[in-house]
file entry_15.pdb (PDB, C-alpha atoms)
MODEL        1
ATOM      1  CA  LYS A   1      60.072  17.292  44.710
ATOM      2  CA  LYS A   2      59.408  20.632  46.342
ATOM      3  CA  ILE A   3      60.772  21.135  49.814
ATOM      4  CA  MET A   4      58.407  23.267  51.807
ATOM      5  CA  LYS A   5      59.699  23.963  55.275
ATOM      6  CA  ASN A   6      63.069  25.124  56.387
ATOM      7  CA  ASP A   7      63.702  22.546  59.084
ATOM      8  CA  ILE A   8      64.337  18.847  59.139
ATOM      9  CA  TYR A   9      61.220  17.936  61.105
ATOM     10  CA  GLN A  10      59.042  17.614  58.001
ATOM     11  CA  PHE A  11      60.746  14.302  57.110
ATOM     12  CA  SER A  12      60.325  10.727  58.157
ATOM     13  CA  ALA A  13      62.269   7.567  57.349
ATOM     14  CA  LYS A  14      61.913   3.852  57.952
ATOM     15  CA  ASP A  15      64.191   2.328  60.556
ATOM     16  CA  SER A  16      65.965  -0.988  60.021
ATOM     17  CA  GLY A  17      62.929  -2.772  61.451
ATOM     18  CA  GLY A  18      60.599  -1.180  58.895
ATOM     19  CA  GLU A  19      58.959   1.250  61.314
ATOM     20  CA  THR A  20      58.386   4.838  60.145
ATOM     21  CA  ILE A  21      60.239   7.318  62.352
ATOM     22  CA  GLU A  22      59.223  10.978  62.237
ATOM     23  CA  LEU A  23      62.252  13.232  62.488
ATOM     24  CA  ALA A  24      60.065  15.522  64.576
ATOM     25  CA  SER A  25      60.594  12.982  67.356
ATOM     26  CA  TYR A  26      64.174  14.336  67.551
ATOM     27  CA  LYS A  27      63.090  17.940  68.254
ATOM     28  CA  ASN A  28      65.396  19.673  70.744
ATOM     29  CA  LYS A  29      68.138  17.148  70.016
ATOM     30  CA  VAL A  30      71.374  17.715  68.150
ATOM     31  CA  MET A  31      71.518  15.240  65.252
ATOM     32  CA  LEU A  32      74.470  13.834  63.389
ATOM     33  CA  ILE A  33      73.086  12.218  60.233
ATOM     34  CA  VAL A  34      75.440   9.876  58.372
ATOM     35  CA  ASN A  35      75.184   7.745  55.249
ATOM     36  CA  THR A  36      76.938   4.522  56.193
ATOM     37  CA  ALA A  37      78.232   1.288  54.664
ATOM     38  CA  SER A  38      79.444  -1.987  56.132
ATOM     39  CA  ASP A  39      82.214  -2.724  53.643
ATOM     40  CA  CYS A  40      84.017   0.592  53.316
ATOM     41  CA  GLY A  41      87.414   1.912  54.322
ATOM     42  CA  PHE A  42      85.562   4.266  56.683
ATOM     43  CA  THR A  43      83.358   1.579  58.263
ATOM     44  CA  SER A  44      85.449   1.703  61.441
ATOM     45  CA  GLN A  45      83.958   5.188  61.980
ATOM     46  CA  TYR A  46      80.960   3.351  63.426
ATOM     47  CA  LYS A  47      83.156   2.960  66.521
ATOM     48  CA  GLY A  48      83.734   6.720  66.769
ATOM     49  CA  LEU A  49      80.057   7.448  66.139
ATOM     50  CA  GLN A  50      79.067   5.056  68.930
ATOM     51  CA  ALA A  51      81.627   6.670  71.279
ATOM     52  CA  LEU A  52      80.193  10.150  70.544
ATOM     53  CA  TYR A  53      76.673   8.856  71.032
ATOM     54  CA  GLN A  54      77.530   7.188  74.339
ATOM     55  CA  LYS A  55      79.326  10.262  75.629
ATOM     56  CA  HIS A  56      76.743  12.880  74.596
ATOM     57  CA  GLN A  57      73.382  11.121  74.341
ATOM     58  CA  ALA A  58      72.387  12.251  77.848
ATOM     59  CA  GLN A  59      72.962  15.883  76.773
ATOM     60  CA  GLY A  60      70.772  15.412  73.704
ATOM     61  CA  LEU A  61      72.873  13.999  70.846
ATOM     62  CA  GLU A  62      71.301  11.608  68.369
ATOM     63  CA  VAL A  63      73.318   9.822  65.701
ATOM     64  CA  LEU A  64      71.186   8.671  62.754
ATOM     65  CA  ALA A  65      72.780   6.131  60.425
ATOM     66  CA  PHE A  66      71.420   5.630  56.905
ATOM     67  CA  PRO A  67      73.001   2.667  55.099
ATOM     68  CA  CYS A  68      73.517   3.260  51.379
ATOM     69  CA  ASN A  69      74.767   0.975  48.593
ATOM     70  CA  GLN A  70      75.475   3.684  45.993
ATOM     71  CA  PHE A  71      79.253   3.802  46.414
ATOM     72  CA  ASN A  72      81.015   0.758  44.943
ATOM     73  CA  GLN A  73      78.277  -1.527  46.287
ATOM     74  CA  GLN A  74      79.748  -1.349  49.783
ATOM     75  CA  GLU A  75      76.425  -2.006  51.495
ATOM     76  CA  LYS A  76      75.089  -5.141  49.829
ATOM     77  CA  GLY A  77      73.138  -6.588  52.756
ATOM     78  CA  ASN A  78      69.463  -6.202  53.520
ATOM     79  CA  ASP A  79      68.319  -4.159  56.529
ATOM     80  CA  GLU A  80      68.447  -7.128  58.885
ATOM     81  CA  GLU A  81      71.963  -8.156  57.797
ATOM     82  CA  ILE A  82      73.216  -4.577  58.120
ATOM     83  CA  LYS A  83      71.737  -4.306  61.625
ATOM     84  CA  GLN A  84      73.335  -7.610  62.659
ATOM     85  CA  PHE A  85      76.690  -6.478  61.303
ATOM     86  CA  CYS A  86      76.525  -3.164  63.209
ATOM     87  CA  ASP A  87      75.389  -4.842  66.415
ATOM     88  CA  LEU A  88      78.002  -7.584  66.319
ATOM     89  CA  ARG A  89      80.930  -5.629  64.992
ATOM     90  CA  PHE A  90      80.412  -2.229  66.677
ATOM     91  CA  ASN A  91      77.613  -2.786  69.209
ATOM     92  CA  ILE A  92      75.931   0.415  68.047
ATOM     93  CA  LYS A  93      73.065   1.771  70.131
ATOM     94  CA  PHE A  94      72.051   4.716  67.940
ATOM     95  CA  PRO A  95      69.226   4.448  65.388
ATOM     96  CA  LEU A  96      69.984   2.525  62.211
ATOM     97  CA  PHE A  97      67.613   3.245  59.356
ATOM     98  CA  SER A  98      66.532   1.269  56.341
ATOM     99  CA  LYS A  99      68.904   1.278  53.356
ATOM    100  CA  ILE A 100      68.341   4.292  51.064
ATOM    101  CA  ASP A 101      69.758   6.169  48.077
ATOM    102  CA  VAL A 102      71.394   9.521  48.812
ATOM    103  CA  ASN A 103      71.950  10.602  45.194
ATOM    104  CA  GLY A 104      69.994  10.317  41.950
ATOM    105  CA  LYS A 105      66.312  10.118  41.117
ATOM    106  CA  ASN A 106      65.494   7.784  44.028
ATOM    107  CA  SER A 107      67.415   9.843  46.555
ATOM    108  CA  HIS A 108      65.661   9.993  49.934
ATOM    109  CA  PRO A 109      63.925  13.395  50.435
ATOM    110  CA  LEU A 110      65.798  13.895  53.716
ATOM    111  CA  PHE A 111      69.136  13.727  51.901
ATOM    112  CA  GLU A 112      67.867  16.019  49.127
ATOM    113  CA  PHE A 113      67.059  18.520  51.884
ATOM    114  CA  LEU A 114      70.419  18.094  53.638
ATOM    115  CA  LYS A 115      72.351  18.511  50.377
ATOM    116  CA  SER A 116      70.348  21.634  49.459
ATOM    117  CA  LYS A 117      71.084  23.251  52.842
ATOM    118  CA  VAL A 118      74.812  22.579  52.968
ATOM    119  CA  PRO A 119      76.291  21.861  49.557
ATOM    120  CA  GLY A 120      79.629  20.109  49.398
ATOM    121  CA  PHE A 121      82.943  21.142  47.920
ATOM    122  CA  LEU A 122      82.603  23.869  45.257
ATOM    123  CA  GLY A 123      78.838  23.931  45.763
ATOM    124  CA  SER A 124      78.328  20.335  44.685
ATOM    125  CA  ARG A 125      75.100  18.802  45.941
ATOM    126  CA  ARG A 126      76.087  15.196  45.337
ATOM    127  CA  ILE A 127      77.269  13.059  48.186
ATOM    128  CA  LYS A 128      80.658  11.765  47.130
ATOM    129  CA  TRP A 129      81.081   8.735  49.390
ATOM    130  CA  ASN A 130      80.009   6.782  52.460
ATOM    131  CA  PHE A 131      80.204   8.436  55.870
ATOM    132  CA  THR A 132      79.366  11.956  54.734
ATOM    133  CA  LYS A 133      78.028  13.582  57.895
ATOM    134  CA  PHE A 134      75.476  16.343  58.491
ATOM    135  CA  LEU A 135      75.212  18.198  61.790
ATOM    136  CA  VAL A 136      71.750  19.497  62.713
ATOM    137  CA  SER A 137      70.964  21.901  65.575
ATOM    138  CA  LYS A 138      68.323  21.427  68.294
ATOM    139  CA  GLU A 139      66.091  23.729  66.207
ATOM    140  CA  GLY A 140      66.276  21.426  63.190
ATOM    141  CA  LYS A 141      68.613  23.650  61.163
ATOM    142  CA  VAL A 142      71.332  22.006  59.099
ATOM    143  CA  ILE A 143      74.576  23.517  60.402
ATOM    144  CA  LYS A 144      77.446  21.794  58.631
ATOM    145  CA  ARG A 145      78.468  19.020  56.274
ATOM    146  CA  TYR A 146      81.583  16.931  56.871
ATOM    147  CA  ALA A 147      83.572  14.889  54.393
ATOM    148  CA  PRO A 148      83.844  11.107  54.773
ATOM    149  CA  THR A 149      87.467  11.563  55.842
ATOM    150  CA  THR A 150      86.430  13.753  58.799
ATOM    151  CA  THR A 151      86.398  11.450  61.805
ATOM    152  CA  PRO A 152      83.595  11.522  64.382
ATOM    153  CA  GLU A 153      86.202  12.620  66.951
ATOM    154  CA  ALA A 154      87.032  15.686  64.834
ATOM    155  CA  ILE A 155      83.380  16.775  64.961
ATOM    156  CA  GLU A 156      83.031  16.525  68.734
ATOM    157  CA  ALA A 157      83.836  20.180  69.481
ATOM    158  CA  ASP A 158      81.176  21.338  66.978
ATOM    159  CA  ILE A 159      78.638  18.993  68.580
ATOM    160  CA  GLU A 160      79.471  20.198  72.094
ATOM    161  CA  LYS A 161      78.839  23.817  71.032
ATOM    162  CA  LEU A 162      75.295  22.883  69.984
ATOM    163  CA  LEU A 163      74.380  20.736  72.999
TER     164      LEU A 163
ENDMDL
END

call {"tool": "encode", "arguments": {"input": "entry_15.pdb", "output": "structure tokens"}}
result
Amino acid sequence: KKIMKNDIYQFSAKDSGGETIELASYKNKVMLIVNTASDCGFTSQYKGLQALYQKHQAQGLEVLAFPCNQFNQQEKGNDEEIKQFCDLRFNIKFPLFSKIDVNGKNSHPLFEFLKSKVPGFLGSRRIKWNFTKFLVSKEGKVIKRYAPTTTPEAIEADIEKLL
């Protein structure tokens, strides 16, 4: 799995409806990319992510949510069930992608790229838990990685600097 380019625009991913979305379609946008789960202690962060999205979407913020079931099986549903949960419970308007792996041999190439650009604590590449967040500049450069415990609200100042 060789990663060629230095920006995020080389990747694509399927959305929750099964459609392939090219990340190049987010050029000139600030992206906050998050691995999410519906049955996690941090699930309420969907509310904060939606608030950020609502507040800053007009200035060019995109929040991209990637459900993942690799942490204590906290995302058991299929794509449709996950979407329904997010719509009903949090009324999210930002893009929700198809369920993926973020670690291991089936890890999505996008997350391999993100982890290689901004390793975690002590240089670890593994994602430790749900709601790890990656901030990407308008130029497609990965700027920063945030721990699951970092709330969306705590990231707002960093986002505003990039908008």

call {"tool": "resolve_selection", "arguments": {"input": "entry_15.pdb", "expression": "the PyMOL selection byres ((chain A and resi 130) around 6)", "output": "ChimeraX atom specification"}}
result
/A:35-36,129,131-132

call {"tool": "residues_around", "arguments": {"input": "entry_15.pdb", "residues": "Arg125 in chain A", "least_positions_apart": "3", "cutoff": "6 Å", "atoms": "all atoms listed in the file", "output": "PyMOL selection string"}}
result
chain A and resi 115+119-120

call {"tool": "resolve_selection", "arguments": {"input": "entry_15.pdb", "expression": "the PyMOL selection byres ((chain A and resi 156) around 12)", "output": "JSON, numbers by chain"}}
result
{"A": [30, 32, 48, 49, 51, 52, 53, 55, 56, 61, 135, 146, 150, 151, 152, 153, 154, 155, 157, 158, 159, 160, 161, 162, 163]}

call {"tool": "atom_distance", "arguments": {"input": "entry_15.pdb", "atom1": "CA of Phe66 in chain A", "atom2": "CA of Phe97 in chain A"}}
result
5.1 Å

call {"tool": "residues_around", "arguments": {"input": "entry_15.pdb", "residues": "Asn103 in chain A", "least_positions_apart": "4", "cutoff": "12 Å", "atoms": "all atoms listed in the file", "output": "list of chain:residue names"}}
result
A:Asn35, A:Cys68, A:Asn69, A:Gln70, A:Phe71, A:Ser107, A:His108, A:Pro109, A:Leu110, A:Phe111, A:Glu112, A:Phe113, A:Leu114, A:Lys115, A:Ser116, A:Ser124, A:Arg125, A:Arg126, A:Ile127, A:Lys128, A:Trp129, A:Asn130

call {"tool": "residues_around", "arguments": {"input": "entry_15.pdb", "residues": "Leu88 in chain A", "least_positions_apart": "5", "cutoff": "12 Å", "atoms": "only C-alpha atoms", "output": "NGL selection string"}}
result
:A and (38 or 46-47 or 81-83 or 93)

call {"tool": "closest_residue", "arguments": {"input": "entry_15.pdb", "among": "A:Asn28, A:Gln74, A:Asn91, A:Ser44", "to": "Lys138 in chain A", "atoms": "all atoms listed in the file"}}
result
A:Asn28

call {"tool": "axis_aligned_box", "arguments": {"input": "entry_15.pdb", "around": "range 40-50 of chain A", "padding_each_side": "5 Å", "output": "AutoDock Vina command-line options"}}
result
--center_x 83.2 --center_y 4.0 --center_z 61.1 --size_x 18.3 --size_y 16.9 --size_z 25.6

call {"tool": "atom_distance", "arguments": {"input": "entry_15.pdb", "atom1": "CA of Asn6 in chain A", "atom2": "CA of Pro95 in chain A"}}
result
23.4 Å

call {"tool": "build_atoms", "arguments": {"input": "entry_15.pdb", "residues": "range 110-136 of chain A", "atoms": "N, CA and C atoms", "output": "CSV table (one decimal), keeping the file's coordinate frame"}}
result
chain,number,residue,atom,x,y,z
A,110,LEU,N,65.0,13.3,52.6
A,110,LEU,CA,65.8,13.9,53.7
A,110,LEU,C,67.2,14.3,53.2
A,111,PHE,N,67.8,13.4,52.4
A,111,PHE,CA,69.1,13.7,51.9
A,111,PHE,C,69.1,14.8,50.8
A,112,GLU,N,68.0,14.9,50.1
A,112,GLU,CA,67.9,16.0,49.1
A,112,GLU,C,67.9,17.3,49.9
A,113,PHE,N,67.1,17.3,51.0
A,113,PHE,CA,67.1,18.5,51.9
A,113,PHE,C,68.4,18.9,52.5
A,114,LEU,N,69.1,17.9,53.0
A,114,LEU,CA,70.4,18.1,53.6
A,114,LEU,C,71.4,18.7,52.6
A,115,LYS,N,71.4,18.1,51.4
A,115,LYS,CA,72.4,18.5,50.4
A,115,LYS,C,72.0,19.9,49.9
A,116,SER,N,70.7,20.3,49.9
A,116,SER,CA,70.3,21.6,49.5
A,116,SER,C,70.8,22.7,50.5
A,117,LYS,N,70.8,22.3,51.8
A,117,LYS,CA,71.1,23.3,52.8
A,117,LYS,C,72.6,23.5,53.0
A,118,VAL,N,73.4,22.4,52.8
A,118,VAL,CA,74.8,22.6,53.0
A,118,VAL,C,75.5,21.8,51.8
A,119,PRO,N,75.6,22.5,50.7
A,119,PRO,CA,76.3,21.9,49.6
A,119,PRO,C,77.7,21.5,49.9
A,120,GLY,N,78.3,20.6,49.2
A,120,GLY,CA,79.6,20.1,49.4
A,120,GLY,C,80.7,21.0,48.7
A,121,PHE,N,81.8,20.4,48.5
A,121,PHE,CA,82.9,21.1,47.9
A,121,PHE,C,82.5,21.8,46.6
A,122,LEU,N,82.9,23.1,46.5
A,122,LEU,CA,82.6,23.9,45.3
A,122,LEU,C,81.1,23.9,44.9
A,123,GLY,N,80.3,23.8,46.0
A,123,GLY,CA,78.8,23.9,45.8
A,123,GLY,C,78.2,22.7,45.2
A,124,SER,N,78.9,21.6,45.2
A,124,SER,CA,78.3,20.3,44.7
A,124,SER,C,77.3,19.8,45.6
A,125,ARG,N,76.2,19.3,45.1
A,125,ARG,CA,75.1,18.8,45.9
A,125,ARG,C,75.3,17.3,46.1
A,126,ARG,N,76.0,16.7,45.2
A,126,ARG,CA,76.1,15.2,45.3
A,126,ARG,C,76.9,14.8,46.6
A,127,ILE,N,76.5,13.7,47.1
A,127,ILE,CA,77.3,13.1,48.2
A,127,ILE,C,78.3,12.2,47.5
A,128,LYS,N,79.6,12.4,47.9
A,128,LYS,CA,80.7,11.8,47.1
A,128,LYS,C,81.0,10.3,47.6
A,129,TRP,N,80.7,10.0,48.9
A,129,TRP,CA,81.1,8.7,49.4
A,129,TRP,C,80.3,8.4,50.7
A,130,ASN,N,80.6,7.2,51.2
A,130,ASN,CA,80.0,6.8,52.5
A,130,ASN,C,80.6,7.6,53.6
A,131,PHE,N,79.8,7.7,54.6
A,131,PHE,CA,80.2,8.4,55.9
A,131,PHE,C,80.4,10.0,55.7
A,132,THR,N,79.6,10.5,54.8
A,132,THR,CA,79.4,12.0,54.7
A,132,THR,C,78.4,12.3,55.9
A,133,LYS,N,78.8,13.3,56.7
A,133,LYS,CA,78.0,13.6,57.9
A,133,LYS,C,77.4,15.0,57.9
A,134,PHE,N,76.2,15.1,58.4
A,134,PHE,CA,75.5,16.3,58.5
A,134,PHE,C,75.1,16.6,59.9
A,135,LEU,N,75.5,17.8,60.4
A,135,LEU,CA,75.2,18.2,61.8
A,135,LEU,C,74.0,19.1,61.8
A,136,VAL,N,73.0,18.8,62.7
A,136,VAL,CA,71.8,19.5,62.7
A,136,VAL,C,71.5,20.0,64.1
